[in-house]
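Have a look at the structure below, then the notes.
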Amino acid sequence: MRIIHFLANKAHYKRPNWEIGLKVCELQDGMGSLLLLPKESAGKNRIFKEQISDIMFKDADGIPVIVSLNIDKDDCLFELDVWKINFDRVVNYENLFQVIEESSSIIGDGFQ
């Protein structure tokens with residue numbers, strides 16, 4: 001949830017109480033992407049609208065990884081997309097958390 005909170009704050013995502021009732025399902029993409037299922041989107045036909053925020057870090061093996069937060073056509077959180085440029089699974093998220101810590105201290109997202 002920390003990654004989702006960070007990216008939502010970075011995007012100035014303002015949908016009230018978005019985290020209440022949020023369900024998360026791992027996608028079978030081999031890299032660790034997550035399908036986000038907000039309570040208010042239950043039973044709806046959801047379609048990707050756009051990426052609202054992203055962050056890049058280097059995995060433990062030195063390969064760049066981009067993590068993006070996407071919303072659907074109703075502006076509900078849709079997906080946390082993880083893309084490692086060589087299409088391998090992410091080895092370790094510790095470098096991402098370090099980048100979040102550094103970014104948060106600069107932009108003041110309250111994760112210090």
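FYI, nothing fancy with the structure tokens labels: chains A, B, ... in order, residues from 1 per chain, ligands from 1 as they appear.
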Could you name the residues that touch stretch 1-9 of chain A at 12 Å or less, counting only C-alpha atoms, but leaving out those on the same chain fewer than 5 positions away, as JSON, numbers by chain? {"A": [14, 15, 16, 17, 18, 19, 20, 22, 23, 24, 33, 34, 35, 36, 51, 52, 53, 54, 55, 56, 66, 67, 68, 69, 70, 71, 75, 76, 77, 78, 79, 80, 81, 82, 93, 94, 96, 97, 98, 99, 100, 101, 102, 103, 104, 105, 107, 108, 109, 110, 111, 112]}
All strand (DSSP E or B) residues (DSSP, backbone) inside chain A, as number ranges by chain: A: 23-26, 34-37, 48-58, 64-72, 77-84
Taken to one decimal, the atom CA of A:Phe57-atom CA of A:His12 distance is 20.9 Å
Nearest to A:Ser41 by atom-to-atom distance, counting only C-alpha atoms, from A:Lys58, A:Lys73, A:Arg89, A:Lys84: A:Lys73
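Checking A:Gly21, A:Val90, A:Tyr13, A:Ile85 one by one against A:Pro64, counting only C-alpha atoms, you find the shortest gap at A:Ile85.
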Computed interatomic separation between atom CA of A:Val91 and atom CA of A:Gly62 (Å):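 For atom CA of A:Val91 relative to atom CA of A:Gly62, the distance reads 10.0 Å.
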As a list of chain:residue names, list the residues of chain A assigned to helix (DSSP H, G or I) by DSSP on the backbone atoms of this structure.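 Residues meeting the helix (DSSP H, G or I) criterion: A:Arg2, A:Ile3, A:Ile4, A:His5, A:Phe6, A:Leu7, A:Ala8, A:Asn9, A:Lys10, A:Lys39, A:Glu40, A:Ser41, A:Glu94, A:Asn95, A:Leu96, A:Phe97, A:Gln98, A:Val99, A:Ile100, A:Glu101, A:Glu102, A:Ser103, A:Ser104, A:Ser105, A:Ile106, A:Ile107.
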Hey, can you spit out that residue selection with C-alpha atoms as a PDB file, in the first residue's frame?
ATOM      1  CA  ARG A   2       2.911   2.334   0.633  1.00  0.00           C
ATOM      2  CA  ILE A   3       3.794   2.445  -3.064  1.00  0.00           C
ATOM      3  CA  ILE A   4       0.170   3.107  -4.043  1.00  0.00           C
ATOM      4  CA  HIS A   5      -0.132   5.883  -1.436  1.00  0.00           C
ATOM      5  CA  PHE A   6       3.092   7.498  -2.622  1.00  0.00           C
ATOM      6  CA  LEU A   7       2.089   7.452  -6.300  1.00  0.00           C
ATOM      7  CA  ALA A   8      -1.447   8.663  -5.534  1.00  0.00           C
ATOM      8  CA  ASN A   9      -0.041  11.568  -3.508  1.00  0.00           C
ATOM      9  CA  LYS A  10       2.476  12.363  -6.225  1.00  0.00           C
ATOM     10  CA  LYS A  39     -15.166  -0.821  -3.638  1.00  0.00           C
ATOM     11  CA  GLU A  40     -17.079   1.610  -5.883  1.00  0.00           C
ATOM     12  CA  SER A  41     -15.999  -0.218  -9.048  1.00  0.00           C
ATOM     13  CA  GLU A  94      14.275  -2.117  -1.258  1.00  0.00           C
ATOM     14  CA  ASN A  95      15.714   0.339  -3.798  1.00  0.00           C
ATOM     15  CA  LEU A  96      12.185   1.512  -4.605  1.00  0.00           C
ATOM     16  CA  PHE A  97      11.499   2.206  -0.935  1.00  0.00           C
ATOM     17  CA  GLN A  98      14.759   4.164  -0.748  1.00  0.00           C
ATOM     18  CA  VAL A  99      13.707   6.278  -3.774  1.00  0.00           C
ATOM     19  CA  ILE A 100      10.292   6.856  -2.134  1.00  0.00           C
ATOM     20  CA  GLU A 101      11.973   7.960   1.110  1.00  0.00           C
ATOM     21  CA  GLU A 102      14.246  10.367  -0.751  1.00  0.00           C
ATOM     22  CA  SER A 103      11.400  11.741  -2.880  1.00  0.00           C
ATOM     23  CA  SER A 104       9.081  12.087   0.104  1.00  0.00           C
ATOM     24  CA  SER A 105      11.575  14.179   2.014  1.00  0.00           C
ATOM     25  CA  ILE A 106      11.806  16.530  -0.984  1.00  0.00           C
ATOM     26  CA  ILE A 107       8.107  16.784  -1.887  1.00  0.00           C
TER      27      ILE A 107
END
Hey, can you check how far atom CA of A:Asn45 sits from atom CA of A:Gly32?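 Result for atom CA of A:Asn45 versus atom CA of A:Gly32: 23.1 Å, one decimal.
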